[in-house]
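Since the structure comes first, as structure tokens, the remarks are kept for the end.
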Amino acid sequence: MRTGQPLPAVGDVLAALATGVWHWDTATGQVSADAEAARLIGLPAEPVTLTEAQVRARIHPVDWNEITGVVRLAAAEGTLAEVRIRVMDEQSRVIRVVRSRSRPVYDPQKKAYLMTGTLQEVAEPIPGSPAGRSTVTGDWRRSREAFLLDAGRALAEARSTAEVLRVAHGLSMPGFSPNGLAVFGVEGDRLTIVGHYGQRPGDEAPFVHMSLDTDYPAAEVVRTGRAVYISSPEEYKARYPLTWPLAEPFNRRSWAFLPLTASGRTMGAWMAAFTHPVAFTPDERSVLTTVARMLAQALSRAGTAETQRELSEGLQRSMMPTLGPEVPGMALAARYIPTGGGLQVGGDWYDMIPLPGGPSARRGRAGAGRFALVMGDVQGHDVRAAGLMGQLRIALRAYASEGHRPDAVLSRASRFLHGILENGAGDDDGDDLADLRFATCLYAEVDPRTGVLEVARAGHPDPVIRMADGTVLFRPTAGGLPLGVDPDADYPTTRFTLEPGETMMICTDGLIETGGHDLDTGWRRIRTILERHEGGTEELADALVQAVHGPSSHHTTGPLADRREDDIAVLLLARHPDGAAARPEVRRTLLTVAQAEPERIAVARQQLRELLHDWSSADQVDSAVLLLSEMLANVLVHTDTDALVLAEVSGEKGERRMRVEVTDAGEDLPHKRRPGELASHGRGLVLIELLADAWGVEPRGVGKSIWFELYEKP
């Protein structure tokens with residue numbers, strides 16, 4: 001062609017180059033193709049207008065899905081959409097591979113894409129060649145899909161910003177893995193460095209607190225929300241001459257800066273730098289964009305989780321008290337572990353409250369350092385539960401500081417919580433009614449001088465006593481309804497003595513049930529720790545928490561594996577031996593069986609069995625339990641008073657003495673009868689005389705006491 005002659009028509013040039021032209025409007029769903037484009041997709045060589053479904057039938061289904069992703073990416077970045085397509089015949093056989101290039105334009109009013117592009121036939125590349133790695137078909141596609149699945153799983157499992165960055169650094173992208181990564185955040189109008197890999201410590205200094213107005217790729221990405229791809233140092237220097245000196249020392253050849261967008265907001269930028277040239281084909285950009293989206297979501301989740309952890313730890317520190325000054329003659333230890341999920345805050349709490357004085361103070365003497373221990377659990381694992389817990393804790397401290405007895409403290413606290421909940425659900429909204437809460441609580445007044453405890457309980461687990469010789473048993477206490485259920489509920493008080501060398505444990509049910517346990521299996525696990533532990537209260541508290549929540553706790557999971565984990569609170573009170581080690585150890589349990597509570601006979605039997613857990617003769621244990629049942633039944637049937645059970649074990653192992661005594665306020669002394677064969681009662685003393693090594697009946701000032709003894713037989 002000589003200079004000055006007119007250029008040939010565009011259509012003639014494209015026909016000469018075997019290049020077809022097509023037009024696609026997603027609003028109408030129609031695709032128009034010229035003769036060459038029609039031939040390339042397996043149709044007669046003449047202009048044609050097709051529906052999307054007709055075009056899709058001629059293209060490999062995997063490639064069709066590829067087209068939609070590449071089009072969206074190109075429209076978002078304002079770049080060309082380039083994709084390789086396998087054309088299929090009616091028998092689903094690949095007849096050729098074509099390359100399509102277009103520049104999509106998105107119409108926000110129609111919510112549709114408008115594209116005009118070209119179509120050319122290309123030779124299928126040799127597998128493993130550079131061309132083969134750049135194609136969207138074949139092994140590269142499968143590797144990319146596997147990589148994205150693995151990357152998504154790994155990022156989804158990351159729980160902190162540091163973990164997310166480590167995962168991002170370890171990602172091995174198919175064919176073009178970067179050797180340098182950096183994550184930029186935004187604070188006000190400046191960039192920050194969230195983290196980086198592939199650079200030396202301190203290399204990030206020039207980029208810290210860089211203004212968003214700086215002529216730097218990451219700043220541009222944050223400003224515009226659009227990715228920046230730089231394929232060579234020359235391109236970098238030409239586009240960003242002012243900040244090129246900052247990037248030059250790293251000796252990189254290509255860079256990708258992508259926006260980190262979460263919930264429609266650009267929260268930062270991600271830089272992937274390469275020591276080898278990268279063309280950043282649409283397929284490579286698609287991978288990088290997908291990773292950037294997953295990375296943004298992971299960083300957003302991690303940031304939210306870290307904020308929640310900081311909030312929960314702050315709430316925990318503010319709501320959980322210190323145990324105060326050292327108590328003469330006693331040791332205290334406490335632990336609180338949030339495991340319920342969410343904000344990791346819930347309704348569990350403990351407290352130690354100095355008291356103004358007990359009964360001795362009201363008689364004109366000092367209270368001798370009396371204090372109260374409180375353990376409670378508000379229903380729920382959310383901020384509302386934590387808020388109610390804080391209010392209830394303050395109320396309990398106020399009532400205790402006024403000098404009320406344990407039963408009065410819990411009665412007032414129950415009325416207080418009921419009032420809060422009733423006012424909070426004042427309207428008829430069903431959701432508010434469904435959110436009514438209650439709280440369990442155990443309140444114990446302690447006299448450190450005598451070891452006497454007065455305990456009131458509102459639906460909470462009983463305290464547990466670890467005796468000086470390691471024997472562990474529940475200490476049954478009278479109780480009432482959980483706080484907040486009934487404003488007029490009564491809370492009877494149980495009085496017992498913590499003997500020298502003994503330790504009392506009170507806890508929330510999370511310590512027992514964590515790991516899918518119920519009350520029975522969880523208690524057996526806790527009991528084993530209490531029995532075997534040697535050391536002080538602090539070490540015992542750590543051992544209890546580690547047993548249910550530490551690294552080895554998965555070895556002791558219970559039958560209810562799908563049960564939600566609960567918060568853990570545990571409080572230990574130990575009374576120092578105070579020279580008791582020089583005297584023979586005595587195990588002792590005390591229990592009241594009221595006329596209105598005949599079911600507590602079963603509790604008394606269980607207490608006695610636990611007290612005799614290492615007795616050498618199982619037959620003697622059975623005999624002792626039988627005799628105790630007879631003595632208690634005699635009180636409940638033949639008197640109108642309550643029964644007080646005192647059981648003791650003393651002496652050296654193998655030569656111990658068991659003494660069980662039942663006291664009541666009845667006036668009539670029991671006497672031995674000779675019941676007939678069909679008599680339903682009258683055999684109590686006969687059995688005692690037959691099975692006990694010694695027994696007796698002793699009148700008291702008011703009432704009487706009947707006792708028996710058994711001597712251990714090796």
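If you're wondering about the labels, chains in the structure tokens are A, B, ... by order shown, residues count from 1 in each chain, ligands from 1 in order shown.
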
Next item on the list: Write down as a PyMOL selection string the residues belonging to range 242-335 of chain A that are assigned strand (DSSP E or B) by DSSP computed on the backbone.
Entry: chain A and resi 254-262+265-274+330-335

For the residues selected in the previous step, produce a file with N, CA and C atoms as an mmCIF file, in the first residue's frame.
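Final file, selection_37.cif:
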data_model
loop_
_atom_site.group_PDB
_atom_site.id
_atom_site.type_symbol
_atom_site.label_atom_id
_atom_site.label_comp_id
_atom_site.auth_asym_id
_atom_site.auth_seq_id
_atom_site.Cartn_x
_atom_site.Cartn_y
_atom_site.Cartn_z
ATOM 1 N N SER A 254 7.721 -7.054 39.494
ATOM 2 C CA SER A 254 6.299 -6.803 39.236
ATOM 3 C C SER A 254 5.585 -6.626 40.568
ATOM 4 N N TRP A 255 4.495 -5.852 40.500
ATOM 5 C CA TRP A 255 3.743 -5.553 41.718
ATOM 6 C C TRP A 255 2.240 -5.576 41.413
ATOM 7 N N ALA A 256 1.477 -6.056 42.407
ATOM 8 C CA ALA A 256 0.012 -5.964 42.347
ATOM 9 C C ALA A 256 -0.468 -5.349 43.649
ATOM 10 N N PHE A 257 -1.207 -4.255 43.536
ATOM 11 C CA PHE A 257 -1.815 -3.591 44.693
ATOM 12 C C PHE A 257 -3.328 -3.712 44.540
ATOM 13 N N LEU A 258 -3.968 -4.383 45.498
ATOM 14 C CA LEU A 258 -5.398 -4.644 45.392
ATOM 15 C C LEU A 258 -6.133 -4.096 46.605
ATOM 16 N N PRO A 259 -7.349 -3.598 46.404
ATOM 17 C CA PRO A 259 -8.112 -3.061 47.542
ATOM 18 C C PRO A 259 -8.609 -4.182 48.445
ATOM 19 N N LEU A 260 -8.596 -3.939 49.732
ATOM 20 C CA LEU A 260 -9.190 -4.841 50.713
ATOM 21 C C LEU A 260 -10.541 -4.245 51.092
ATOM 22 N N THR A 261 -11.587 -4.855 50.562
ATOM 23 C CA THR A 261 -12.928 -4.303 50.711
ATOM 24 C C THR A 261 -13.795 -5.260 51.503
ATOM 25 N N ALA A 262 -14.430 -4.744 52.547
ATOM 26 C CA ALA A 262 -15.356 -5.533 53.365
ATOM 27 C C ALA A 262 -16.576 -4.684 53.653
ATOM 28 N N ARG A 265 -16.743 -1.228 52.060
ATOM 29 C CA ARG A 265 -15.804 -0.197 52.491
ATOM 30 C C ARG A 265 -14.379 -0.667 52.254
ATOM 31 N N THR A 266 -13.559 0.200 51.654
ATOM 32 C CA THR A 266 -12.151 -0.130 51.436
ATOM 33 C C THR A 266 -11.396 0.107 52.736
ATOM 34 N N MET A 267 -10.976 -0.981 53.361
ATOM 35 C CA MET A 267 -10.329 -0.906 54.660
ATOM 36 C C MET A 267 -8.814 -0.884 54.571
ATOM 37 N N GLY A 268 -8.263 -1.023 53.356
ATOM 38 C CA GLY A 268 -6.818 -1.026 53.202
ATOM 39 C C GLY A 268 -6.427 -1.537 51.833
ATOM 40 N N ALA A 269 -5.188 -1.940 51.706
ATOM 41 C CA ALA A 269 -4.675 -2.446 50.431
ATOM 42 C C ALA A 269 -3.728 -3.595 50.700
ATOM 43 N N TRP A 270 -3.627 -4.473 49.725
ATOM 44 C CA TRP A 270 -2.740 -5.635 49.801
ATOM 45 C C TRP A 270 -1.748 -5.557 48.656
ATOM 46 N N MET A 271 -0.473 -5.644 48.991
ATOM 47 C CA MET A 271 0.566 -5.641 47.971
ATOM 48 C C MET A 271 1.163 -7.033 47.837
ATOM 49 N N ALA A 272 1.211 -7.518 46.591
ATOM 50 C CA ALA A 272 1.915 -8.757 46.266
ATOM 51 C C ALA A 272 3.035 -8.392 45.302
ATOM 52 N N ALA A 273 4.273 -8.629 45.696
ATOM 53 C CA ALA A 273 5.440 -8.245 44.893
ATOM 54 C C ALA A 273 6.163 -9.497 44.413
ATOM 55 N N PHE A 274 6.700 -9.430 43.175
ATOM 56 C CA PHE A 274 7.296 -10.595 42.520
ATOM 57 C C PHE A 274 8.723 -10.271 42.088
ATOM 58 N N MET A 330 -6.527 -19.005 106.731
ATOM 59 C CA MET A 330 -7.225 -19.537 105.559
ATOM 60 C C MET A 330 -6.494 -19.139 104.288
ATOM 61 N N ALA A 331 -6.778 -19.872 103.206
ATOM 62 C CA ALA A 331 -6.228 -19.568 101.887
ATOM 63 C C ALA A 331 -7.367 -19.533 100.885
ATOM 64 N N LEU A 332 -7.301 -18.577 99.966
ATOM 65 C CA LEU A 332 -8.337 -18.406 98.951
ATOM 66 C C LEU A 332 -7.711 -18.414 97.570
ATOM 67 N N ALA A 333 -8.440 -18.974 96.593
ATOM 68 C CA ALA A 333 -8.017 -18.933 95.189
ATOM 69 C C ALA A 333 -9.269 -18.938 94.329
ATOM 70 N N ALA A 334 -9.216 -18.236 93.203
ATOM 71 C CA ALA A 334 -10.377 -18.150 92.315
ATOM 72 C C ALA A 334 -9.916 -18.093 90.876
ATOM 73 N N ARG A 335 -10.761 -18.591 89.965
ATOM 74 C CA ARG A 335 -10.494 -18.539 88.534
ATOM 75 C C ARG A 335 -11.805 -18.274 87.797
#

Next item on the list: Excluding Gly419 in chain A and residues on its chain fewer than 3 positions from it, collect all residues at most 12 Å away from it, counting only C-alpha atoms, and give them as a list in words.
Entry: Leu388, Gln391, Leu392, Arg412, Ala413, Ser414, Arg415, Phe416, Glu422, Asn423, Gly424, Ala425, Gly426, Leu436, Arg437, Phe438, Leu483, Gly484, Val485, Asp486, Pro487 and Asp488 of chain A

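The shortest atom-to-atom distance to Arg200 in chain A, with only C-alpha atoms taken into account, belongs to A:Gly180 out of A:Val186, A:Pro245, A:Leu119, A:Gly180.
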
Item checked: Surrounding residues of range 691-699 of chain A excluding itself and chain neighbours under 5 positions, 6 Å, only C-alpha atoms, as a list in words -> Lys704, Ser705, Ile706, Trp707, Phe708, Glu709 and Leu710 of chain A

Find the spatial neighbours of range 284-296 of chain A, counting only C-alpha atoms, within a cut-off of 10 Å - ignore same-chain residues fewer than 2 positions away - and output them as a short mmCIF file (atom, residue, chain, number, x, y, z; two decimals) with N, CA, C and O atoms, in the first residue's frame.
data_model
loop_
_atom_site.label_atom_id
_atom_site.label_comp_id
_atom_site.auth_asym_id
_atom_site.auth_seq_id
_atom_site.Cartn_x
_atom_site.Cartn_y
_atom_site.Cartn_z
N GLU A 66 -16.20 -19.15 33.44
CA GLU A 66 -15.00 -18.32 33.45
C GLU A 66 -15.29 -16.95 32.82
O GLU A 66 -14.82 -15.91 33.30
N GLY A 69 -17.00 -14.45 35.24
CA GLY A 69 -16.10 -13.90 36.24
C GLY A 69 -15.12 -12.89 35.67
O GLY A 69 -14.87 -11.83 36.27
N VAL A 70 -14.58 -13.17 34.49
CA VAL A 70 -13.62 -12.27 33.86
C VAL A 70 -14.30 -10.97 33.46
O VAL A 70 -13.73 -9.88 33.58
N ARG A 72 -16.92 -9.48 34.90
CA ARG A 72 -17.15 -8.65 36.08
C ARG A 72 -15.85 -8.00 36.55
O ARG A 72 -15.82 -6.82 36.91
N LEU A 73 -14.76 -8.78 36.55
CA LEU A 73 -13.48 -8.24 36.99
C LEU A 73 -13.01 -7.11 36.08
O LEU A 73 -12.58 -6.05 36.54
N ALA A 74 -13.11 -7.31 34.75
CA ALA A 74 -12.65 -6.29 33.81
C ALA A 74 -13.49 -5.03 33.91
O ALA A 74 -12.96 -3.91 33.83
N GLU A 77 -12.38 -3.13 37.01
CA GLU A 77 -11.05 -2.53 36.92
C GLU A 77 -10.89 -1.61 35.72
O GLU A 77 -9.88 -0.92 35.59
N SER A 134 -0.40 -20.13 31.14
CA SER A 134 -1.18 -18.90 31.11
C SER A 134 -2.60 -19.09 30.63
O SER A 134 -3.44 -18.24 30.79
N THR A 135 -2.89 -20.22 30.06
CA THR A 135 -4.23 -20.45 29.56
C THR A 135 -5.20 -20.73 30.69
O THR A 135 -4.82 -21.18 31.77
N VAL A 136 -6.46 -20.48 30.44
CA VAL A 136 -7.48 -20.71 31.47
C VAL A 136 -7.95 -22.16 31.44
O VAL A 136 -8.78 -22.53 32.24
N ARG A 144 -5.60 -23.79 40.00
CA ARG A 144 -6.10 -22.55 40.55
C ARG A 144 -7.31 -22.79 41.44
O ARG A 144 -7.43 -22.23 42.54
N GLU A 145 -8.24 -23.64 41.00
CA GLU A 145 -9.43 -23.92 41.79
C GLU A 145 -9.05 -24.59 43.11
O GLU A 145 -9.59 -24.25 44.17
N PHE A 147 -6.19 -24.28 44.63
CA PHE A 147 -5.51 -23.27 45.44
C PHE A 147 -6.53 -22.37 46.14
O PHE A 147 -6.41 -22.07 47.33
N LEU A 148 -7.54 -21.90 45.40
CA LEU A 148 -8.52 -21.00 46.00
C LEU A 148 -9.33 -21.68 47.10
O LEU A 148 -9.64 -21.07 48.12
N ALA A 151 -6.95 -21.88 50.03
CA ALA A 151 -6.74 -20.55 50.60
C ALA A 151 -7.97 -20.10 51.38
O ALA A 151 -7.85 -19.53 52.48
N GLY A 152 -9.16 -20.33 50.83
CA GLY A 152 -10.38 -19.94 51.53
C GLY A 152 -10.53 -20.66 52.85
O GLY A 152 -10.91 -20.05 53.86
N ARG A 153 -10.22 -21.95 52.86
CA ARG A 153 -10.33 -22.71 54.12
C ARG A 153 -9.33 -22.19 55.15
O ARG A 153 -9.67 -21.95 56.31
N LEU A 155 -7.80 -19.24 55.37
CA LEU A 155 -8.11 -17.90 55.85
C LEU A 155 -9.34 -17.89 56.74
O LEU A 155 -9.43 -17.11 57.69
N ALA A 156 -10.30 -18.75 56.44
CA ALA A 156 -11.51 -18.82 57.27
C ALA A 156 -11.19 -19.32 58.67
O ALA A 156 -11.88 -18.98 59.63
N VAL A 164 -3.85 -14.47 60.11
CA VAL A 164 -4.24 -14.17 58.73
C VAL A 164 -3.02 -13.83 57.90
O VAL A 164 -2.85 -14.29 56.76
N LEU A 165 -2.11 -13.03 58.45
CA LEU A 165 -0.91 -12.64 57.70
C LEU A 165 -0.01 -13.84 57.46
O LEU A 165 0.59 -13.97 56.38
N VAL A 167 -0.99 -16.95 57.14
CA VAL A 167 -1.64 -17.74 56.10
C VAL A 167 -1.41 -17.11 54.73
O VAL A 167 -1.08 -17.80 53.75
N ALA A 168 -1.58 -15.78 54.63
CA ALA A 168 -1.37 -15.11 53.35
C ALA A 168 0.06 -15.29 52.86
O ALA A 168 0.30 -15.48 51.66
N LEU A 171 0.59 -18.80 51.21
CA LEU A 171 -0.17 -19.19 50.04
C LEU A 171 0.75 -19.36 48.84
O LEU A 171 1.55 -18.48 48.54
N MET A 173 0.53 -19.49 45.12
CA MET A 173 -0.34 -19.29 43.97
C MET A 173 0.19 -20.07 42.77
O MET A 173 1.40 -20.12 42.55
N PRO A 174 -0.68 -20.66 41.98
CA PRO A 174 -0.26 -21.52 40.87
C PRO A 174 0.45 -20.73 39.77
O PRO A 174 -0.16 -19.96 39.05
N GLY A 175 1.77 -20.91 39.68
CA GLY A 175 2.53 -20.33 38.57
C GLY A 175 3.09 -18.96 38.81
O GLY A 175 3.98 -18.53 38.07
N PHE A 176 2.63 -18.22 39.81
CA PHE A 176 3.14 -16.85 39.99
C PHE A 176 3.08 -16.43 41.45
O PHE A 176 2.53 -15.41 41.81
N VAL A 183 0.39 -5.69 53.94
CA VAL A 183 -1.01 -5.31 54.14
C VAL A 183 -1.03 -3.91 54.74
O VAL A 183 -0.43 -3.66 55.79
N ALA A 227 -7.82 -1.69 41.71
CA ALA A 227 -6.51 -2.34 41.77
C ALA A 227 -5.52 -1.65 40.85
O ALA A 227 -5.89 -1.02 39.85
N TYR A 229 -1.91 -2.70 38.81
CA TYR A 229 -0.98 -3.75 38.41
C TYR A 229 0.20 -3.11 37.71
O TYR A 229 0.02 -2.30 36.78
N ALA A 256 1.48 -6.06 42.41
CA ALA A 256 0.01 -5.96 42.35
C ALA A 256 -0.47 -5.35 43.65
O ALA A 256 -0.14 -5.84 44.73
N PHE A 257 -1.21 -4.25 43.54
CA PHE A 257 -1.82 -3.59 44.69
C PHE A 257 -3.33 -3.71 44.54
O PHE A 257 -3.90 -3.22 43.57
N LEU A 258 -3.97 -4.38 45.50
CA LEU A 258 -5.40 -4.64 45.39
C LEU A 258 -6.13 -4.10 46.61
O LEU A 258 -5.60 -4.12 47.73
N PRO A 259 -7.35 -3.60 46.40
CA PRO A 259 -8.11 -3.06 47.54
C PRO A 259 -8.61 -4.18 48.44
O PRO A 259 -8.98 -5.27 47.97
N LEU A 260 -8.60 -3.94 49.73
CA LEU A 260 -9.19 -4.84 50.71
C LEU A 260 -10.54 -4.24 51.09
O LEU A 260 -10.61 -3.24 51.81
N THR A 261 -11.59 -4.86 50.56
CA THR A 261 -12.93 -4.30 50.71
C THR A 261 -13.79 -5.26 51.50
O THR A 261 -13.88 -6.45 51.18
N ALA A 262 -14.43 -4.74 52.55
CA ALA A 262 -15.36 -5.53 53.37
C ALA A 262 -16.58 -4.68 53.65
O ALA A 262 -16.45 -3.51 54.04
N SER A 263 -17.76 -5.25 53.43
CA SER A 263 -19.03 -4.55 53.65
C SER A 263 -19.09 -3.26 52.86
O SER A 263 -19.61 -2.24 53.33
N THR A 266 -13.56 0.20 51.65
CA THR A 266 -12.15 -0.13 51.44
C THR A 266 -11.40 0.11 52.74
O THR A 266 -11.23 1.25 53.18
N MET A 267 -10.98 -0.98 53.36
CA MET A 267 -10.33 -0.91 54.66
C MET A 267 -8.81 -0.88 54.57
O MET A 267 -8.13 -0.74 55.58
N GLY A 268 -8.26 -1.02 53.36
CA GLY A 268 -6.82 -1.03 53.20
C GLY A 268 -6.43 -1.54 51.83
O GLY A 268 -7.24 -1.57 50.89
N ALA A 269 -5.19 -1.94 51.71
CA ALA A 269 -4.68 -2.45 50.43
C ALA A 269 -3.73 -3.60 50.70
O ALA A 269 -3.09 -3.68 51.76
N TRP A 270 -3.63 -4.47 49.73
CA TRP A 270 -2.74 -5.63 49.80
C TRP A 270 -1.75 -5.56 48.66
O TRP A 270 -2.14 -5.39 47.49
N MET A 271 -0.47 -5.64 48.99
CA MET A 271 0.57 -5.64 47.97
C MET A 271 1.16 -7.03 47.84
O MET A 271 1.54 -7.66 48.83
N ALA A 272 1.21 -7.52 46.59
CA ALA A 272 1.92 -8.76 46.27
C ALA A 272 3.04 -8.39 45.30
O ALA A 272 2.77 -7.88 44.21
N VAL A 278 5.65 -10.52 35.72
CA VAL A 278 4.30 -11.09 35.66
C VAL A 278 3.47 -10.21 34.74
O VAL A 278 3.45 -8.98 34.90
N ALA A 279 2.81 -10.83 33.77
CA ALA A 279 2.02 -10.07 32.80
C ALA A 279 0.68 -9.64 33.37
O ALA A 279 0.05 -8.72 32.85
N PHE A 280 0.26 -10.29 34.44
CA PHE A 280 -1.05 -10.02 35.05
C PHE A 280 -2.17 -10.17 34.02
O PHE A 280 -2.90 -9.23 33.69
N THR A 281 -2.25 -11.38 33.48
CA THR A 281 -3.35 -11.69 32.57
C THR A 281 -4.67 -11.63 33.34
O THR A 281 -4.69 -11.62 34.58
N PRO A 282 -5.78 -11.60 32.62
CA PRO A 282 -7.07 -11.59 33.33
C PRO A 282 -7.23 -12.75 34.30
O PRO A 282 -7.84 -12.60 35.36
N ALA A 298 -11.21 -12.09 55.99
CA ALA A 298 -10.50 -12.70 57.12
C ALA A 298 -9.97 -11.64 58.07
O ALA A 298 -10.07 -11.78 59.30
N LEU A 299 -9.39 -10.56 57.53
CA LEU A 299 -8.89 -9.48 58.38
C LEU A 299 -10.03 -8.79 59.13
O LEU A 299 -9.87 -8.42 60.30
N SER A 300 -11.17 -8.63 58.46
CA SER A 300 -12.31 -8.02 59.13
C SER A 300 -12.80 -8.89 60.28
O SER A 300 -13.07 -8.40 61.38
N ARG A 301 -12.90 -10.21 60.04
CA ARG A 301 -13.32 -11.12 61.12
C ARG A 301 -12.31 -11.11 62.26
O ARG A 301 -12.69 -11.07 63.43
N ALA A 302 -11.02 -11.17 61.90
CA ALA A 302 -10.00 -11.19 62.95
C ALA A 302 -10.01 -9.90 63.76
O ALA A 302 -9.89 -9.93 64.99
#

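With only C-alpha atoms as the atoms that count, the residue of A:Ala541, A:Val603, A:Ala38, A:Met375 with the shortest distance to Arg393 in chain A is A:Met375.
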
Check: Residues at most 12 Å from Thr49 in chain A, counting only C-alpha atoms, excluding those fewer than 3 positions away in the same chain, as a ChimeraX atom specification?
Finding: /A:22-25,28-35,37-38,43,46,52-55

Notebook entry, point to check: In terms of the shortest atom-to-atom distance over only C-alpha atoms, which of A:Asp542, A:Glu445, A:Glu502, A:Glu610 is closest to Pro577 in chain A?
Noted result: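 Nearest candidate to Pro577 in chain A out of A:Asp542, A:Glu445, A:Glu502, A:Glu610: A:Glu502.
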
Next item on the list: Kindly give the distance, in Å, that separates CA of His638 in chain A and CA of Pro670 in chain A, rounded to a single decimal.
Entry: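 Atom-to-atom, CA of His638 in chain A to CA of Pro670 in chain A, that is 9.4 Å.
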
Next item on the list: Go through A:Ala643, A:Val13, A:Leu612, A:Ala574 and flag the residue nearest Arg600 in chain A, using only C-alpha atoms for the distances.
Entry: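 Among the listed residues, the smallest separation from Arg600 in chain A belongs to A:Ala643.
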